[in-house]
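In what follows, a single structure is set out as structure tokens and then discussed.
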Amino acid sequence: MAKKRQNRRSGLAFLLTFLVALVLFGGLTAWVLVDLLKPQDAPSPTAPTTTAPSVTAQKDLRMLLITEDGGEAQGFVAVSVEPQMGRVRVVPVPRESVVTVGTAQVRLFERYQSADLGTVTADVGALLQWDISHYAVISYHALTQFITYLNEGVIYTLTENISYQNTAGSTVNMAAGARTLSATQVPDVLRYNAWHGGRRARANIQGDIVAALFDQYFTAARLAGKDGDFRKFISLTRSNIMTSDYVNAADTLLAVARRNSFDISTVTPPKGEFIGVGDAMRFEIAEKPLG
């Protein structure tokens, strides 16, 4: 019933909603805005109209979303918009996943502290054997601001009860089941670290939230929007996505969004195993986890 009510709401622009999904833990948003003030990079209003390629000829669009809290990377979520399959594949990569740097093995959240974002993105791409060149970073604080701005929350189903004291010293109690998470509740869910599935479950929650955003907002019905929405989002994120990237991807995004019946996303956690204990825990991804 919640999804039907959501479908009747007047919405934000298709572009914004897609941006929300990606930067939250969605990020193609930055594609439109990061170069917004560079008119030379924008498409010419007099450019000749061309015929969009068929869906089967369009390539998958991939990017890495990194969530951050207190200056530390919390989530690494690879997103692939796949026109031929008519889906959005979301791959939550555990922050403890190890990459080889020289002769040492370094976990992703540690790599985030010492390397540039392009390098971290390439590292995740190598782990998944995906070609990923674009990234978007959003902090939990910025995420709260953006969801407040959207004013619609996130439709989500908690798989278990959660109860703990958050970083503000407030007690968080949420019962399992379907609900619409408020702007402040989304970070509360992401910060919870006592899931029955441990670190693996905590990583998967990052992907589940991103998928929920795609299912809710990445629809062809959301076609009207304002430049102010874009500027708000880009002001809260860090990304290397350019306006020209978005322009080139627009046909693909729309083709996939038209197939969304509030279930467009598929969450695909990588195979592998956690090794070690406590603060030394690391995750080793299996070879060729996604094909």
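By convention here, the chains of the structure tokens are called A, B, ... in the order presented, each chain's residues are numbered starting at 1, and ligands are numbered starting at 1 in the order presented.
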
(message) I need the residues of segment 78-253 of chain A that end up classed as strand (DSSP E or B) by DSSP on the backbone, written out as an NGL selection string.
(response) :A and (78-82 or 87-93 or 97-101 or 104-107 or 134-139 or 154-158 or 162-165 or 171-174 or 177-181 or 238-239)

Keeping only N, CA and C atoms, write those residues as a CSV table (one decimal), in the first residue's frame.
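This is the output file result00.csv:
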```csv
chain,number,residue,atom,x,y,z
A,78,ALA,N,28.8,-0.4,-5.5
A,78,ALA,CA,28.9,-0.3,-6.9
A,78,ALA,C,27.5,-0.4,-7.5
A,79,VAL,N,27.2,0.4,-8.5
A,79,VAL,CA,25.9,0.5,-9.1
A,79,VAL,C,26.0,0.3,-10.6
A,80,SER,N,25.3,-0.6,-11.2
A,80,SER,CA,25.3,-0.8,-12.7
A,80,SER,C,23.9,-0.7,-13.2
A,81,VAL,N,23.6,0.3,-14.1
A,81,VAL,CA,22.4,0.4,-14.8
A,81,VAL,C,22.5,-0.3,-16.1
A,82,GLU,N,21.7,-1.4,-16.2
A,82,GLU,CA,21.8,-2.4,-17.3
A,82,GLU,C,20.6,-2.4,-18.2
A,87,ARG,N,17.4,-3.6,-15.7
A,87,ARG,CA,17.5,-3.6,-14.2
A,87,ARG,C,18.6,-2.6,-13.8
A,88,VAL,N,18.7,-2.4,-12.5
A,88,VAL,CA,19.8,-1.7,-11.8
A,88,VAL,C,20.4,-2.7,-10.8
A,89,ARG,N,21.6,-3.1,-11.1
A,89,ARG,CA,22.3,-4.0,-10.2
A,89,ARG,C,23.1,-3.3,-9.1
A,90,VAL,N,22.9,-3.6,-7.9
A,90,VAL,CA,23.5,-2.9,-6.8
A,90,VAL,C,24.5,-3.9,-6.1
A,91,VAL,N,25.7,-3.6,-6.0
A,91,VAL,CA,26.7,-4.5,-5.4
A,91,VAL,C,27.4,-3.9,-4.2
A,92,PRO,N,26.9,-4.2,-2.9
A,92,PRO,CA,27.5,-3.7,-1.7
A,92,PRO,C,28.8,-4.4,-1.4
A,93,VAL,N,29.9,-3.7,-1.4
A,93,VAL,CA,31.3,-4.3,-1.2
A,93,VAL,C,31.7,-4.0,0.3
A,97,SER,N,37.0,-5.2,2.7
A,97,SER,CA,37.5,-5.9,1.5
A,97,SER,C,39.0,-5.5,1.3
A,98,VAL,N,39.9,-6.5,1.0
A,98,VAL,CA,41.3,-6.1,0.9
A,98,VAL,C,41.7,-6.0,-0.6
A,99,VAL,N,42.6,-5.0,-0.8
A,99,VAL,CA,43.2,-4.8,-2.1
A,99,VAL,C,44.7,-4.9,-1.9
A,100,THR,N,45.4,-5.3,-2.9
A,100,THR,CA,46.9,-5.4,-2.8
A,100,THR,C,47.5,-4.1,-3.2
A,101,VAL,N,48.4,-3.5,-2.3
A,101,VAL,CA,49.1,-2.3,-2.6
A,101,VAL,C,50.6,-2.6,-2.3
A,104,ALA,N,51.7,-5.3,0.3
A,104,ALA,CA,50.8,-5.3,1.5
A,104,ALA,C,49.3,-5.4,1.0
A,105,GLN,N,48.5,-6.0,2.0
A,105,GLN,CA,47.0,-6.0,1.8
A,105,GLN,C,46.4,-4.9,2.6
A,106,VAL,N,45.6,-4.1,2.0
A,106,VAL,CA,45.0,-2.9,2.6
A,106,VAL,C,43.5,-3.0,2.5
A,107,ARG,N,42.8,-2.8,3.6
A,107,ARG,CA,41.3,-2.8,3.5
A,107,ARG,C,40.8,-1.5,2.9
A,134,HIS,N,33.6,6.3,-12.6
A,134,HIS,CA,32.9,7.4,-11.9
A,134,HIS,C,32.6,7.1,-10.4
A,135,TYR,N,32.6,8.1,-9.6
A,135,TYR,CA,32.3,7.9,-8.2
A,135,TYR,C,31.5,9.1,-7.7
A,136,ALA,N,30.9,8.9,-6.5
A,136,ALA,CA,30.2,9.9,-5.8
A,136,ALA,C,30.3,9.6,-4.3
A,137,VAL,N,30.6,10.6,-3.5
A,137,VAL,CA,30.8,10.4,-2.1
A,137,VAL,C,29.7,11.3,-1.3
A,138,ILE,N,29.0,10.7,-0.4
A,138,ILE,CA,28.1,11.5,0.4
A,138,ILE,C,28.2,11.1,1.9
A,139,SER,N,28.3,12.1,2.8
A,139,SER,CA,28.4,11.8,4.2
A,139,SER,C,27.0,11.5,4.7
A,154,VAL,N,12.2,7.4,2.9
A,154,VAL,CA,12.7,6.2,2.1
A,154,VAL,C,11.8,5.0,2.6
A,155,ILE,N,11.1,4.4,1.6
A,155,ILE,CA,10.3,3.2,1.9
A,155,ILE,C,11.2,2.0,2.1
A,156,TYR,N,11.2,1.4,3.2
A,156,TYR,CA,12.1,0.3,3.5
A,156,TYR,C,11.5,-0.7,4.4
A,157,THR,N,12.0,-1.9,4.3
A,157,THR,CA,11.6,-3.0,5.2
A,157,THR,C,12.7,-3.5,6.1
A,158,LEU,N,12.6,-3.3,7.4
A,158,LEU,CA,13.7,-3.8,8.3
A,158,LEU,C,13.5,-5.3,8.5
A,162,ILE,N,15.9,-3.3,15.7
A,162,ILE,CA,17.2,-2.7,16.1
A,162,ILE,C,17.0,-1.8,17.3
A,163,SER,N,17.9,-1.8,18.2
A,163,SER,CA,17.9,-1.0,19.4
A,163,SER,C,19.3,-0.7,19.8
A,164,TYR,N,19.6,0.6,19.9
A,164,TYR,CA,21.0,1.0,20.3
A,164,TYR,C,21.0,2.5,20.6
A,165,GLN,N,22.1,3.0,21.1
A,165,GLN,CA,22.2,4.4,21.3
A,165,GLN,C,23.1,5.0,20.2
A,171,THR,N,18.5,7.1,22.1
A,171,THR,CA,18.2,5.7,21.9
A,171,THR,C,17.3,5.5,20.7
A,172,VAL,N,17.8,4.5,19.9
A,172,VAL,CA,17.1,4.2,18.6
A,172,VAL,C,16.4,2.9,18.8
A,173,ASN,N,15.1,2.9,18.6
A,173,ASN,CA,14.3,1.6,18.7
A,173,ASN,C,13.4,1.6,17.4
A,174,MET,N,13.6,0.5,16.6
A,174,MET,CA,12.8,0.3,15.5
A,174,MET,C,12.4,-1.1,15.4
A,177,GLY,N,9.9,-4.7,10.0
A,177,GLY,CA,8.7,-4.6,9.2
A,177,GLY,C,8.9,-3.4,8.2
A,178,ALA,N,7.8,-3.2,7.4
A,178,ALA,CA,7.8,-2.2,6.4
A,178,ALA,C,7.5,-0.8,7.1
A,179,ARG,N,8.3,0.2,6.6
A,179,ARG,CA,8.1,1.5,7.2
A,179,ARG,C,8.6,2.6,6.2
A,180,THR,N,8.3,3.8,6.4
A,180,THR,CA,9.0,4.9,5.7
A,180,THR,C,10.0,5.6,6.6
A,181,LEU,N,11.3,5.4,6.3
A,181,LEU,CA,12.3,6.0,7.1
A,181,LEU,C,12.4,7.5,6.9
A,238,ARG,N,30.6,14.9,-3.4
A,238,ARG,CA,31.8,15.0,-4.1
A,238,ARG,C,31.8,13.9,-5.2
A,239,SER,N,32.1,14.3,-6.4
A,239,SER,CA,32.0,13.4,-7.5
A,239,SER,C,32.8,13.9,-8.7
```

(request) Give me every helix (DSSP H, G or I) residue in segment 216-288 of chain A, going by DSSP on the backbone, as an NGL selection string. (result) :A and (216-217 or 227-235 or 243-257 or 278-280)

(message) Rounded to one decimal, what separation in Å do you get between atom CA of Asp279 of chain A and atom CA of Arg111 of chain A?
(response)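 A separation of 15.4 Å between them.
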
(message) At a cut-off of 9 Å, using only C-alpha atoms, what residues contact Asp123 of chain A? Leave out same-chain residues fewer than 3 positions from it and give the result as a VMD selection string.
(response) chain A and resid 99 to 100 108 118 to 120 126 to 128

Could the residues in this selection be saved with C-alpha atoms as an mmCIF file, in the first residue's frame?
```cif
data_model
loop_
_atom_site.group_PDB
_atom_site.id
_atom_site.type_symbol
_atom_site.label_atom_id
_atom_site.label_comp_id
_atom_site.auth_asym_id
_atom_site.auth_seq_id
_atom_site.Cartn_x
_atom_site.Cartn_y
_atom_site.Cartn_z
ATOM 1 C CA VAL A 99 43.207 -4.800 -2.092
ATOM 2 C CA THR A 100 46.890 -5.383 -2.775
ATOM 3 C CA LEU A 108 39.090 -0.460 1.507
ATOM 4 C CA GLY A 118 39.984 7.704 -8.511
ATOM 5 C CA THR A 119 42.399 5.107 -7.173
ATOM 6 C CA VAL A 120 39.866 3.739 -4.681
ATOM 7 C CA ALA A 126 39.447 -4.500 -10.019
ATOM 8 C CA LEU A 127 37.917 -6.502 -7.158
ATOM 9 C CA LEU A 128 34.655 -6.898 -9.074
#
```

Using only C-alpha atoms, which protein or nucleic acid residues come within 12 Å of Thr167 of chain A? Drop anything in the same chain fewer than 6 positions from it, and give the result as a JSON list (two decimals) with C-alpha atoms, in the first residue's frame.
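The resulting file, part_18.json, is shown below:
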```
[["chain", "number", "residue", "atom", "x", "y", "z"],
["A", 69, "ASP", "CA", 30.61, 9.11, 8.50],
["A", 70, "GLY", "CA", 32.97, 11.12, 10.68],
["A", 140, "TYR", "CA", 25.64, 10.61, 6.53],
["A", 141, "HIS", "CA", 25.13, 14.22, 7.56],
["A", 184, "THR", "CA", 17.34, 11.05, 10.45],
["A", 187, "PRO", "CA", 21.67, 7.15, 9.08],
["A", 188, "ASP", "CA", 20.42, 5.48, 12.27],
["A", 190, "LEU", "CA", 23.16, 2.57, 8.51],
["A", 191, "ARG", "CA", 25.06, 3.10, 11.77],
["A", 192, "TYR", "CA", 23.58, 0.08, 13.51]]
```

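The gap separating atom CA of Asp60 of chain A from atom CA of Ala115 of chain A is 26.6 Å, in Å to one decimal.
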
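Atom CA of Thr266 of chain A lies 11.9 Å from atom CA of Asn204 of chain A.
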
(request) Fewer than 2 positions away in the same chain doesn't count, so skip those; otherwise give me all residues within 7 Å of segment 247-254 of chain A, counting only C-alpha atoms, as a list in words. (result)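 These residues fall inside the cut-off: Ala52, Gln58, Pro83, Ala220, Thr243, Ser244, Asp245, Val256, Ala257 and Arg258 of chain A.
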